[in-house]
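Asks: Shown below is the structure under consideration.
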Amino acid sequence: MKTQKRCDLHVHTNYSYDNSHKNTMEKNVLSAIQKGIDVLCFTEHIECCSVNTFEGYPHAERKREFDRLVSLYSDQIKLLLGFEMGSPHRHPNELAFLRSLEPDMIIGSIHHPTDYHNINYRMSQADYEKLYDQEVRRLVECGGFDVLGHADMLKKYHTNFRTDEAFLTETLRICVQNGIVPELNTSSMRQTDVMANSTESMISTRMARVYASLGGKYVTISSDSHSYKTLGSHFDETYSNIADVLSLCYFEKGKLVELN
Ligand SMILES: [Zn+2]
Ligand SMILES: [Zn+2]
């Protein structure tokens with residue numbers, strides 16, 4: 001169950017709309033090798049809502065660059081190509097298109113829940129948190145992707161946020177049922193990304209243990225880096241909290257591979 005290897009399976013580069021053009025794939029590869037990361041997966045943002053990065057996305061250019069880096073560095077690191085798709089349950093045709101490109105892994109995440117509810121007034125924080133949780137629930141009920149991204153992301157942004165653990169437990173039970181692997185996203189643990197409202201990963205290692213008690217076997221650990229400088233952040237301390245009950249995995253062409 002324990003592995004000595006390190007992975008980072010949720011990484012953004014200059015092919016994501018919210019990144020600096022200086023954060024190239026190659027800089028990420030070199031940084032990952034230097035940090036002793038064994039498996040690295042690029043997961044650029046694909047959104048189809050008011051933020052639309054699906055139309056005109058440079059898939060061919062990105063794949064060419066990825067293939068070039070594989071040919072240069074594959075003896076030093078395993079490189080994978082994936083996507084982080086926002087609300088895939090609301091965009092089945094676009095999700096099918098991304099699958100047709102045969103990515104290694106698709107992360108399904110919720111980023112813009114109000115876009116899908118015609119909400120034109122300012123919601124209370126409590127209502128927004130409820131809406132977010134409900135969207136994550138719909139996402140895992142529909143499935144069609146590999147990894148559930150930052151299931152309780154609002155802990156990163158909302159002061160006084162408390163994960164609804166009973167609701168999340170049921171969401172994780174559906175993940176087990178539908179073969180979806182939750183990630184432990186460490187971006188909430190970095191001072192560099194946000195005004196840190198949390199010291200926990202998303203989901204927390206405590207909730208990862210609940211997922212294990214429900215029959216879950218695998219998780220991914222990821223930094224959700226938007227800069228090569230933060231690759232692999234908090235990997236060791238996060239892994240040490242779950243290594244006795246869960247195994248790490250990655251996906252290759254959509255097939256789960258245990259990291260060992
Ligand atoms: Zn995300
Ligand atoms: Zn991300």
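How things are named: the first chain in the structure tokens is A, the next is B, and so on; residues count from 1 in each chain; ligands count from 1 in the order shown.
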Within 12 Å of segment 134-141 of chain A, which residues of segment 170-194 of chain A come that close, and what is the closest atom pair and distance in Å for each? Count only C-alpha atoms and give it as CSV.

Replies:
residue,atom,partner,partner_atom,distance
A:Glu170,CA,A:Arg137,CA,8.5
A:Thr171,CA,A:Arg137,CA,5.6
A:Leu172,CA,A:Val140,CA,8.5
A:Arg173,CA,A:Val140,CA,9.8
A:Ile174,CA,A:Val140,CA,6.7
A:Cys175,CA,A:Val140,CA,6.2
A:Val176,CA,A:Val140,CA,9.8
A:Gln177,CA,A:Glu141,CA,9.4
A:Asn178,CA,A:Val140,CA,7.5
A:Gly179,CA,A:Val140,CA,9.5
A:Ile180,CA,A:Val140,CA,7.4
A:Val181,CA,A:Val140,CA,10.0
A:Pro182,CA,A:Val140,CA,10.1

Asks: Output C-alpha atoms for every residue in that selection, as a PDB file, in the first residue's frame.

Replies:
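Result file follows (again.pdb):
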ATOM      1  CA  GLU A 170     -22.764  10.756   0.984  1.00  0.00           C
ATOM      2  CA  THR A 171     -21.013  12.374  -2.000  1.00  0.00           C
ATOM      3  CA  LEU A 172     -17.940  10.219  -1.321  1.00  0.00           C
ATOM      4  CA  ARG A 173     -20.124   7.118  -1.041  1.00  0.00           C
ATOM      5  CA  ILE A 174     -21.394   7.853  -4.568  1.00  0.00           C
ATOM      6  CA  CYS A 175     -17.760   8.269  -5.690  1.00  0.00           C
ATOM      7  CA  VAL A 176     -17.025   4.750  -4.440  1.00  0.00           C
ATOM      8  CA  GLN A 177     -20.141   3.443  -6.205  1.00  0.00           C
ATOM      9  CA  ASN A 178     -19.299   5.197  -9.497  1.00  0.00           C
ATOM     10  CA  GLY A 179     -15.552   4.515  -9.507  1.00  0.00           C
ATOM     11  CA  ILE A 180     -14.570   8.174  -9.131  1.00  0.00           C
ATOM     12  CA  VAL A 181     -11.344   8.870  -7.258  1.00  0.00           C
ATOM     13  CA  PRO A 182     -11.321  11.948  -4.985  1.00  0.00           C
TER      14      PRO A 182
END

Asks: Compute the set of protein, DNA and RNA residues whose minimum atom distance to ligand 2 is at most 8 Å, using only C-alpha atoms and all ligand atoms, and state it as a list of chain:residue names.

Replies: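 Sorted by chain and then by number, the residues are A:His10, A:Val11, A:His12, A:Thr43, A:Glu44, A:His45, A:Glu84, A:Gly149, A:Asp224, A:Ser225, A:His226.
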
Asks: Residues as selected, C-alpha atoms, written as a short mmCIF file (atom, residue, chain, number, x, y, z; two decimals), in the first residue's frame, can you do that?

Replies:
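Contents of the output file again.cif:
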data_model
loop_
_atom_site.label_atom_id
_atom_site.label_comp_id
_atom_site.auth_asym_id
_atom_site.auth_seq_id
_atom_site.Cartn_x
_atom_site.Cartn_y
_atom_site.Cartn_z
CA HIS A 10 -3.28 18.45 -11.00
CA VAL A 11 -1.05 21.09 -12.55
CA HIS A 12 -1.81 24.13 -14.71
CA THR A 43 -4.60 19.33 -16.24
CA GLU A 44 -5.48 22.58 -17.98
CA HIS A 45 -8.78 24.33 -17.34
CA GLU A 84 -9.61 19.81 -15.43
CA GLY A 149 -11.40 17.90 -7.97
CA ASP A 224 -3.24 22.36 -8.25
CA SER A 225 -0.23 24.52 -9.02
CA HIS A 226 -0.55 27.54 -11.25
#

Asks: Report as a short mmCIF file (atom, residue, chain, number, x, y, z; two decimals) with N, CA and C atoms, in the first residue's frame: the residues of segment 135-256 of chain A with a DSSP assignment of helix (DSSP H, G or I), based on the backbone of this structure.

Replies:
data_model
loop_
_atom_site.label_atom_id
_atom_site.label_comp_id
_atom_site.auth_asym_id
_atom_site.auth_seq_id
_atom_site.Cartn_x
_atom_site.Cartn_y
_atom_site.Cartn_z
N GLU A 135 -24.03 21.01 -6.39
CA GLU A 135 -23.43 20.84 -7.73
C GLU A 135 -22.40 19.72 -7.73
N VAL A 136 -21.59 19.64 -6.66
CA VAL A 136 -20.61 18.54 -6.56
C VAL A 136 -21.34 17.20 -6.53
N ARG A 137 -22.46 17.17 -5.81
CA ARG A 137 -23.25 15.93 -5.75
C ARG A 137 -23.73 15.54 -7.15
N ARG A 138 -24.28 16.49 -7.90
CA ARG A 138 -24.78 16.18 -9.26
C ARG A 138 -23.64 15.70 -10.16
N LEU A 139 -22.49 16.34 -9.97
CA LEU A 139 -21.30 15.98 -10.75
C LEU A 139 -20.95 14.51 -10.58
N VAL A 140 -20.88 14.04 -9.34
CA VAL A 140 -20.46 12.64 -9.12
C VAL A 140 -21.59 11.67 -9.46
N GLU A 141 -22.83 12.12 -9.35
CA GLU A 141 -23.94 11.24 -9.77
C GLU A 141 -23.87 10.97 -11.28
N CYS A 142 -23.47 11.99 -12.04
CA CYS A 142 -23.39 11.82 -13.51
C CYS A 142 -22.12 11.10 -13.93
N MET A 153 -13.96 22.91 -2.04
CA MET A 153 -13.07 24.02 -2.42
C MET A 153 -13.32 25.30 -1.65
N LEU A 154 -14.55 25.48 -1.15
CA LEU A 154 -14.86 26.79 -0.55
C LEU A 154 -14.08 27.03 0.74
N LYS A 155 -13.53 25.98 1.30
CA LYS A 155 -12.70 26.19 2.51
C LYS A 155 -11.49 27.06 2.19
N LYS A 156 -11.14 27.09 0.89
CA LYS A 156 -9.99 27.89 0.47
C LYS A 156 -10.31 29.39 0.45
N GLU A 165 -19.83 17.75 6.59
CA GLU A 165 -19.22 16.42 6.50
C GLU A 165 -20.25 15.33 6.24
N ALA A 166 -21.47 15.50 6.74
CA ALA A 166 -22.50 14.48 6.48
C ALA A 166 -22.83 14.46 4.98
N PHE A 167 -22.99 15.65 4.39
CA PHE A 167 -23.30 15.74 2.96
C PHE A 167 -22.14 15.19 2.13
N LEU A 168 -20.93 15.58 2.52
CA LEU A 168 -19.73 15.14 1.79
C LEU A 168 -19.55 13.62 1.89
N THR A 169 -19.90 13.07 3.04
CA THR A 169 -19.79 11.61 3.21
C THR A 169 -20.66 10.90 2.17
N GLU A 170 -21.89 11.38 1.98
CA GLU A 170 -22.76 10.76 0.98
C GLU A 170 -22.19 10.96 -0.43
N THR A 171 -21.64 12.13 -0.69
CA THR A 171 -21.01 12.37 -2.00
C THR A 171 -19.86 11.39 -2.22
N LEU A 172 -19.07 11.15 -1.19
CA LEU A 172 -17.94 10.22 -1.32
C LEU A 172 -18.43 8.78 -1.48
N ARG A 173 -19.56 8.46 -0.85
CA ARG A 173 -20.12 7.12 -1.04
C ARG A 173 -20.49 6.90 -2.51
N ILE A 174 -21.05 7.94 -3.14
CA ILE A 174 -21.39 7.85 -4.57
C ILE A 174 -20.12 7.75 -5.42
N CYS A 175 -19.05 8.42 -4.99
CA CYS A 175 -17.76 8.27 -5.69
C CYS A 175 -17.32 6.80 -5.69
N VAL A 176 -17.41 6.17 -4.54
CA VAL A 176 -17.03 4.75 -4.44
C VAL A 176 -17.88 3.93 -5.41
N GLN A 177 -19.19 4.18 -5.37
CA GLN A 177 -20.14 3.44 -6.20
C GLN A 177 -19.85 3.65 -7.69
N ASN A 178 -19.47 4.87 -8.08
CA ASN A 178 -19.30 5.20 -9.50
C ASN A 178 -17.85 5.14 -9.96
N THR A 186 -3.85 20.13 -2.33
CA THR A 186 -3.14 20.83 -1.26
C THR A 186 -3.05 22.35 -1.47
N SER A 187 -3.72 22.87 -2.49
CA SER A 187 -3.58 24.31 -2.76
C SER A 187 -4.16 25.16 -1.62
N SER A 188 -5.09 24.59 -0.86
CA SER A 188 -5.66 25.31 0.28
C SER A 188 -4.67 25.44 1.43
N MET A 189 -3.57 24.70 1.36
CA MET A 189 -2.59 24.71 2.45
C MET A 189 -1.44 25.69 2.19
N THR A 205 -7.65 15.05 4.98
CA THR A 205 -7.24 13.65 5.18
C THR A 205 -8.23 12.94 6.11
N ARG A 206 -8.88 13.69 6.96
CA ARG A 206 -9.92 13.08 7.83
C ARG A 206 -11.07 12.54 6.97
N MET A 207 -11.52 13.33 5.99
CA MET A 207 -12.61 12.87 5.12
C MET A 207 -12.12 11.78 4.16
N ALA A 208 -10.84 11.80 3.84
CA ALA A 208 -10.29 10.71 3.01
C ALA A 208 -10.38 9.39 3.76
N ARG A 209 -10.20 9.44 5.06
CA ARG A 209 -10.32 8.23 5.87
C ARG A 209 -11.79 7.77 5.93
N VAL A 210 -12.72 8.71 5.94
CA VAL A 210 -14.14 8.34 5.86
C VAL A 210 -14.40 7.62 4.53
N TYR A 211 -13.86 8.18 3.45
CA TYR A 211 -14.00 7.57 2.11
C TYR A 211 -13.44 6.14 2.13
N ALA A 212 -12.30 5.95 2.81
CA ALA A 212 -11.72 4.59 2.92
C ALA A 212 -12.68 3.67 3.68
N SER A 213 -13.31 4.19 4.72
CA SER A 213 -14.23 3.36 5.51
C SER A 213 -15.47 2.97 4.71
N TYR A 228 5.15 26.68 -11.56
CA TYR A 228 6.08 25.55 -11.37
C TYR A 228 6.73 25.58 -9.99
N LYS A 229 6.69 26.74 -9.34
CA LYS A 229 7.37 26.86 -8.04
C LYS A 229 6.65 26.09 -6.93
N THR A 230 5.36 25.83 -7.10
CA THR A 230 4.60 25.19 -6.01
C THR A 230 4.30 23.71 -6.27
N PHE A 235 2.99 17.48 -0.25
CA PHE A 235 2.73 16.07 -0.62
C PHE A 235 3.04 15.12 0.55
N ASP A 236 4.24 15.26 1.10
CA ASP A 236 4.69 14.26 2.09
C ASP A 236 3.80 14.24 3.33
N GLU A 237 3.48 15.42 3.86
CA GLU A 237 2.69 15.44 5.09
C GLU A 237 1.25 14.97 4.84
N THR A 238 0.73 15.24 3.65
CA THR A 238 -0.62 14.77 3.32
C THR A 238 -0.64 13.25 3.18
N TYR A 239 0.33 12.74 2.42
CA TYR A 239 0.38 11.29 2.19
C TYR A 239 0.56 10.53 3.50
N SER A 240 1.41 11.06 4.39
CA SER A 240 1.69 10.32 5.63
C SER A 240 0.42 10.16 6.48
#

Asks: Under the rule that only C-alpha atoms are counted, which of A:Val70, A:Ile33, A:Leu81, A:Ala96 is the nearest residue to Tyr15 of chain A?

Replies: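 Comparing A:Val70, A:Ile33, A:Leu81, A:Ala96 against Tyr15 of chain A, the winner is A:Leu81.
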
Asks: For Leu9 of chain A, which residue out of A:Glu65, A:Glu47, A:Asp133, A:Asp146 is the nearest one, using only C-alpha atoms?

Replies: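 Looking at the shortest contact to Leu9 of chain A, the residue is A:Asp146.
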
Asks: Please provide the set of residues having any atom within 10 Å of Glu94 of chain A, restricted to only C-alpha atoms, with same-chain residues fewer than 3 positions apart removed, written as a list in words.

Replies: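 My reading of the contact set: Ile46, Glu47, Cys48, Phe54, Glu55, Met85, Pro88, His89, Arg90, His91, Phe97, Leu98, Arg99 and Ser100 of chain A.
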
Asks: Find, counting only C-alpha atoms and all ligand atoms, the residue in A:Lys78, A:Lys253, A:Arg6, A:His112 that gets nearest to ligand 1.

Replies: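 Nearest candidate to ligand 1 out of A:Lys78, A:Lys253, A:Arg6, A:His112: A:His112.
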
Asks: Give the strand (DSSP E) residues of segment 76-134 of chain A, as DSSP finds them on the backbone, and put them as an NGL selection string.

Replies: :A and (78-86 or 105-109)

Asks: Would you mind exporting C-alpha atoms of the selected residues as a CSV table (one decimal), in the first residue's frame?

Replies:
chain,number,residue,atom,x,y,z
A,78,LYS,CA,6.4,10.0,-16.1
A,79,LEU,CA,4.5,12.7,-17.8
A,80,LEU,CA,0.7,12.6,-18.3
A,81,LEU,CA,-1.7,14.8,-20.2
A,82,GLY,CA,-5.2,15.5,-18.9
A,83,PHE,CA,-7.8,18.2,-18.3
A,84,GLU,CA,-9.6,19.8,-15.4
A,85,MET,CA,-13.1,20.3,-16.8
A,86,GLY,CA,-15.6,22.6,-15.0
A,105,MET,CA,-7.1,11.7,-17.0
A,106,ILE,CA,-10.0,14.1,-16.6
A,107,ILE,CA,-10.6,15.9,-13.3
A,108,GLY,CA,-14.2,17.0,-12.8
A,109,SER,CA,-14.5,20.2,-10.7

Asks: Which of these residues is nearest to Gly143 of chain A, using only C-alpha atoms: A:Asn185, A:His21, A:Ser87, A:Ile242?

Replies: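 The answer is A:Ser87, which sits nearest to Gly143 of chain A.
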
Asks: Determine the nearest neighbour of ligand 1 from the options A:Thr163, A:Thr199, A:Gln76, A:Ser222, counting only C-alpha atoms and all ligand atoms.

Replies: A:Ser222

Asks: Nearest residue to Phe145 of chain A out of A:Tyr157, A:Pro113, A:Pro92, A:Ala126, using only C-alpha atoms?

Replies: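 Closest residue, counting only C-alpha atoms: A:Pro92.
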
Asks: Could you pull the residues within 7 Å of Thr24 of chain A, counting only C-alpha atoms, minus those fewer than 3 positions along the same chain, as number ranges by chain?

Replies: A: 13-14, 21, 27-28

Asks: For atom CA of Cys249 of chain A and atom CA of Leu40 of chain A, quote the distance in Å rounded to one decimal.

Replies: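 Going from atom CA of Cys249 of chain A over to atom CA of Leu40 of chain A, I get 11.8 Å.
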
Asks: Rounded to one decimal place, report the atom CA of Gly216 of chain A-atom CA of Val147 of chain A distance in Å.

Replies: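 Atom CA of Val147 of chain A lies 12.8 Å from atom CA of Gly216 of chain A.
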